[in-house]
Each structure stands twice: as C-alpha cells, then as structure tokens.
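So this one's work.pdb, PDB, C-alpha atoms, pLDDT in the B column:
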ATOM      1  CA  MET A 991       4.311  43.285  23.826  1.00 58.00           C
ATOM      2  CA  SER A 992       4.781  41.701  27.171  1.00 62.00           C
ATOM      3  CA  ARG A 993       2.972  38.548  28.156  1.00 62.00           C
ATOM      4  CA  ASN A 994       1.460  37.866  31.506  1.00 63.00           C
ATOM      5  CA  PHE A 995       2.663  34.469  32.769  1.00 59.00           C
ATOM      6  CA  THR A 996       0.895  34.622  36.110  1.00 60.00           C
ATOM      7  CA  SER A 997      -2.131  32.779  34.738  1.00 58.00           C
ATOM      8  CA  ARG A 998      -0.323  29.422  34.642  1.00 61.00           C
ATOM      9  CA  SER A 999      -1.860  26.703  36.708  1.00 62.00           C
ATOM     10  CA  LYS A1000       0.117  25.940  39.819  1.00 63.00           C
ATOM     11  CA  LYS A1001       0.836  22.301  40.528  1.00 62.00           C
ATOM     12  CA  LYS A1002       0.361  20.997  44.018  1.00 61.00           C
ATOM     13  CA  ILE A1003       3.676  20.152  45.594  1.00 58.00           C
ATOM     14  CA  SER A1004       3.646  16.911  47.513  1.00 57.00           C
ATOM     15  CA  HIS A1005       5.541  16.993  50.771  1.00 63.00           C
ATOM     16  CA  LYS A1006       5.565  13.222  51.121  1.00 70.00           C
ATOM     17  CA  THR A1007       9.000  11.712  51.322  1.00 81.00           C
ATOM     18  CA  ASP A1008      10.647   8.618  49.978  1.00 85.00           C
ATOM     19  CA  PHE A1009       9.959   5.537  52.141  1.00 84.00           C
ATOM     20  CA  PHE A1010      13.584   4.379  52.142  1.00 88.00           C
ATOM     21  CA  VAL A1011      15.070   7.837  52.682  1.00 86.00           C
ATOM     22  CA  SER A1012      12.788   8.479  55.665  1.00 88.00           C
ATOM     23  CA  LYS A1013      13.702   5.102  57.227  1.00 87.00           C
ATOM     24  CA  GLY A1014      17.411   5.599  56.515  1.00 89.00           C
ATOM     25  CA  ILE A1015      17.673   2.448  54.386  1.00 87.00           C
ATOM     26  CA  GLU A1016      20.478   2.634  51.835  1.00 88.00           C
ATOM     27  CA  TYR A1017      20.602  -0.961  50.581  1.00 91.00           C
ATOM     28  CA  ILE A1018      17.453  -2.601  49.233  1.00 92.00           C
ATOM     29  CA  ASP A1019      17.764  -6.347  49.701  1.00 94.00           C
ATOM     30  CA  TYR A1020      16.123  -8.659  47.170  1.00 95.00           C
ATOM     31  CA  LYS A1021      15.525 -11.195  49.956  1.00 95.00           C
ATOM     32  CA  ASP A1022      13.277  -8.815  51.920  1.00 93.00           C
ATOM     33  CA  ILE A1023       9.989  -9.965  50.414  1.00 93.00           C
ATOM     34  CA  SER A1024       7.737  -8.066  52.832  1.00 92.00           C
ATOM     35  CA  VAL A1025       9.137  -4.703  51.710  1.00 92.00           C
ATOM     36  CA  LEU A1026       9.272  -5.595  48.016  1.00 94.00           C
ATOM     37  CA  SER A1027       5.682  -6.843  47.983  1.00 92.00           C
ATOM     38  CA  LYS A1028       4.511  -3.330  48.932  1.00 92.00           C
ATOM     39  CA  PHE A1029       5.735  -2.140  45.541  1.00 94.00           C
ATOM     40  CA  ILE A1030       3.897  -4.799  43.511  1.00 94.00           C
ATOM     41  CA  ASN A1031       0.224  -4.333  42.640  1.00 91.00           C
ATOM     42  CA  ASN A1032      -2.470  -7.009  42.728  1.00 88.00           C
ATOM     43  CA  GLN A1033      -1.662  -8.047  39.134  1.00 88.00           C
ATOM     44  CA  GLY A1034       1.981  -8.665  39.972  1.00 90.00           C
ATOM     45  CA  ARG A1035       3.276  -5.559  38.213  1.00 93.00           C
ATOM     46  CA  ILE A1036       5.761  -3.106  39.669  1.00 94.00           C
ATOM     47  CA  VAL A1037       3.986   0.033  40.888  1.00 94.00           C
ATOM     48  CA  LEU A1038       4.848   3.262  39.072  1.00 94.00           C
ATOM     49  CA  ARG A1039       7.123   5.839  40.627  1.00 91.00           C
ATOM     50  CA  LYS A1040       4.469   8.552  40.666  1.00 90.00           C
ATOM     51  CA  ASN A1041       2.281   6.297  42.814  1.00 91.00           C
ATOM     52  CA  THR A1042       5.015   5.189  45.216  1.00 90.00           C
ATOM     53  CA  LEU A1043       6.591   8.664  45.507  1.00 91.00           C
ATOM     54  CA  LEU A1044      10.091   7.195  45.389  1.00 92.00           C
ATOM     55  CA  THR A1045      13.115   8.972  43.991  1.00 91.00           C
ATOM     56  CA  GLN A1046      14.471   7.840  40.621  1.00 93.00           C
ATOM     57  CA  LYS A1047      17.452   6.218  42.260  1.00 93.00           C
ATOM     58  CA  THR A1048      15.343   4.287  44.758  1.00 94.00           C
ATOM     59  CA  GLN A1049      12.830   3.237  42.082  1.00 95.00           C
ATOM     60  CA  ARG A1050      15.648   1.770  39.963  1.00 96.00           C
ATOM     61  CA  ARG A1051      16.936  -0.128  42.995  1.00 95.00           C
ATOM     62  CA  ILE A1052      13.437  -1.435  43.778  1.00 96.00           C
ATOM     63  CA  ASN A1053      12.970  -2.571  40.165  1.00 96.00           C
ATOM     64  CA  LYS A1054      16.284  -4.393  40.188  1.00 97.00           C
ATOM     65  CA  ALA A1055      15.568  -6.034  43.561  1.00 97.00           C
ATOM     66  CA  ILE A1056      12.095  -7.180  42.456  1.00 97.00           C
ATOM     67  CA  LYS A1057      13.437  -8.606  39.198  1.00 96.00           C
ATOM     68  CA  THR A1058      16.229 -10.415  41.059  1.00 97.00           C
ATOM     69  CA  ALA A1059      13.736 -11.812  43.574  1.00 96.00           C
ATOM     70  CA  ARG A1060      11.566 -13.052  40.708  1.00 96.00           C
ATOM     71  CA  GLN A1061      14.526 -14.805  39.099  1.00 96.00           C
ATOM     72  CA  MET A1062      15.379 -16.452  42.421  1.00 95.00           C
ATOM     73  CA  ALA A1063      11.708 -17.574  42.719  1.00 93.00           C
ATOM     74  CA  LEU A1064      11.134 -15.510  45.859  1.00 94.00           C
ATOM     75  CA  LEU A1065       8.402 -13.456  44.177  1.00 92.00           C
ATOM     76  CA  PRO A1066       5.964 -14.634  41.504  1.00 90.00           C
ATOM     77  CA  TYR A1067       5.979 -13.113  38.032  1.00 90.00           C
ATOM     78  CA  SER A1068       2.194 -12.967  38.072  1.00 86.00           C
ATOM     79  CA  ILE A1069      -0.385 -13.396  40.775  1.00 78.00           C
ATOM     80  CA  LYS A1070      -2.465 -16.591  40.851  1.00 70.00           C
ATOM     81  CA  GLU A1071      -5.743 -14.674  41.263  1.00 64.00           C
ATOM     82  CA  THR A1072      -5.239 -12.973  37.913  1.00 54.00           C
ATOM     83  CA  ARG A1073      -4.730 -16.308  36.189  1.00 57.00           C
ATOM     84  CA  GLU A1074      -7.879 -17.733  37.794  1.00 62.00           C
ATOM     85  CA  ILE A1075      -9.974 -14.756  36.682  1.00 61.00           C
ATOM     86  CA  LYS A1076      -8.681 -15.071  33.130  1.00 63.00           C
ATOM     87  CA  LYS A1077      -9.371 -18.815  33.162  1.00 66.00           C
ATOM     88  CA  GLU A1078     -12.954 -18.193  34.298  1.00 67.00           C
ATOM     89  CA  LYS A1079     -13.460 -15.720  31.440  1.00 63.00           C
ATOM     90  CA  ASP A1080     -12.052 -18.234  28.954  1.00 64.00           C
ATOM     91  CA  ASP A1081     -14.342 -20.968  30.314  1.00 67.00           C
ATOM     92  CA  LYS A1082     -17.391 -18.726  29.884  1.00 66.00           C
ATOM     93  CA  PHE A1083     -16.373 -17.992  26.307  1.00 65.00           C
ATOM     94  CA  ILE A1084     -15.969 -21.695  25.489  1.00 70.00           C
ATOM     95  CA  GLU A1085     -19.359 -22.628  27.016  1.00 62.00           C
ATOM     96  CA  LYS A1086     -21.298 -20.252  24.746  1.00 54.00           C
TER      97      LYS A1086
END
Kindly present the structure from the file in structure tokens form.
Amino acid sequence: MSRNFTSRSKKKISHKTDFFVSKGIEYIDYKDISVLSKFINNQGRIVLRKNTLLTQKTQRRINKAIKTARQMALLPYSIKETREIKKEKDDKFIEK
C-alpha cells in the first residue's frame, strides 16, 4: 500500500534575512548598547530567535554580548518599569 504524502501542511517560508548578515556586521560589540537593546524585550529578557529571525550563530553572539554588557553594568538585568508594576501589585495586596 502506498501512502499519499501530498496532504501535509506546507509551512510558510520567511524570506526575511538576518539583521547582521544584511548589514555586513561580523563582530557584535558588547559596548554597542543601541543595537543590543533592540534584542531585549520590555521585561529585560533576551528576545527569542524565532522572533528576531537571527541565525543560530548570530543569536549566540547576541546572547553573549548582552550578558557581557549586563556584567559590565551597561545594560540592566531587569527593567525598572517591571519592578514598579510588581511593587504596585504587592502594595495592593498588603492594603487589603
């Protein structure tokens, strides 16, 4: 018995390219805060690779650069807004 494999769902292929490959940037500098901040979300977390459309190699380099910048106190580990929101929630809980 032969099976018909043509009924598989076809995934959409994204033709978007890697930001650093398209710009011709080979070295990602941990001191370049403006570029690194594009890859951090509003909670201070590193954005996933499927959202940034980076290659594996570039994503590893971005992760390392962000972590180095955090250790050198160039980037915060968490965003202040998140802490303030959490504090407000805690204050509401204590008042009740």
Taking the file as shown, find all residues satisfying the PyMOL selection byres ((chain A and resi 1030) around 12) and write them as an NGL selection string. :A and (1023-1029 or 1031-1039 or 1041-1042 or 1052-1053 or 1055-1057 or 1060 or 1065-1069)
Do you know which residues are at most 10 Å from Thr1007 of chain A counting only C-alpha atoms, after dropping those on the same chain fewer than 2 positions away, and could you put them as an MDAnalysis selection string? chainID A and resid 1004:1005 1009:1012 1042:1045
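One distance worth recording is that between atom CA of Ile1015 of chain A and atom CA of Lys1040 of chain A, which is 20.0 Å.
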Box in all listed atoms of segment 1058-1073 of chain A, axis-aligned, with 6 Å more on each side; write out centre and edge lengths in Å to one decimal as JSON.
{"center_x": 5.2, "center_y": -14.0, "center_z": 41.0, "size_x": 34.0, "size_y": 19.2, "size_z": 21.7}
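Put simply, atom CA of Asp1022 of chain A is 20.2 Å away from atom CA of Gln1046 of chain A.
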Of the candidates A:Asp1019, A:Lys1013, A:Lys1047, A:Asp1008, which shows the shortest atom-to-atom distance to Ala1059 of chain A, using all atoms listed in the file? A:Asp1019
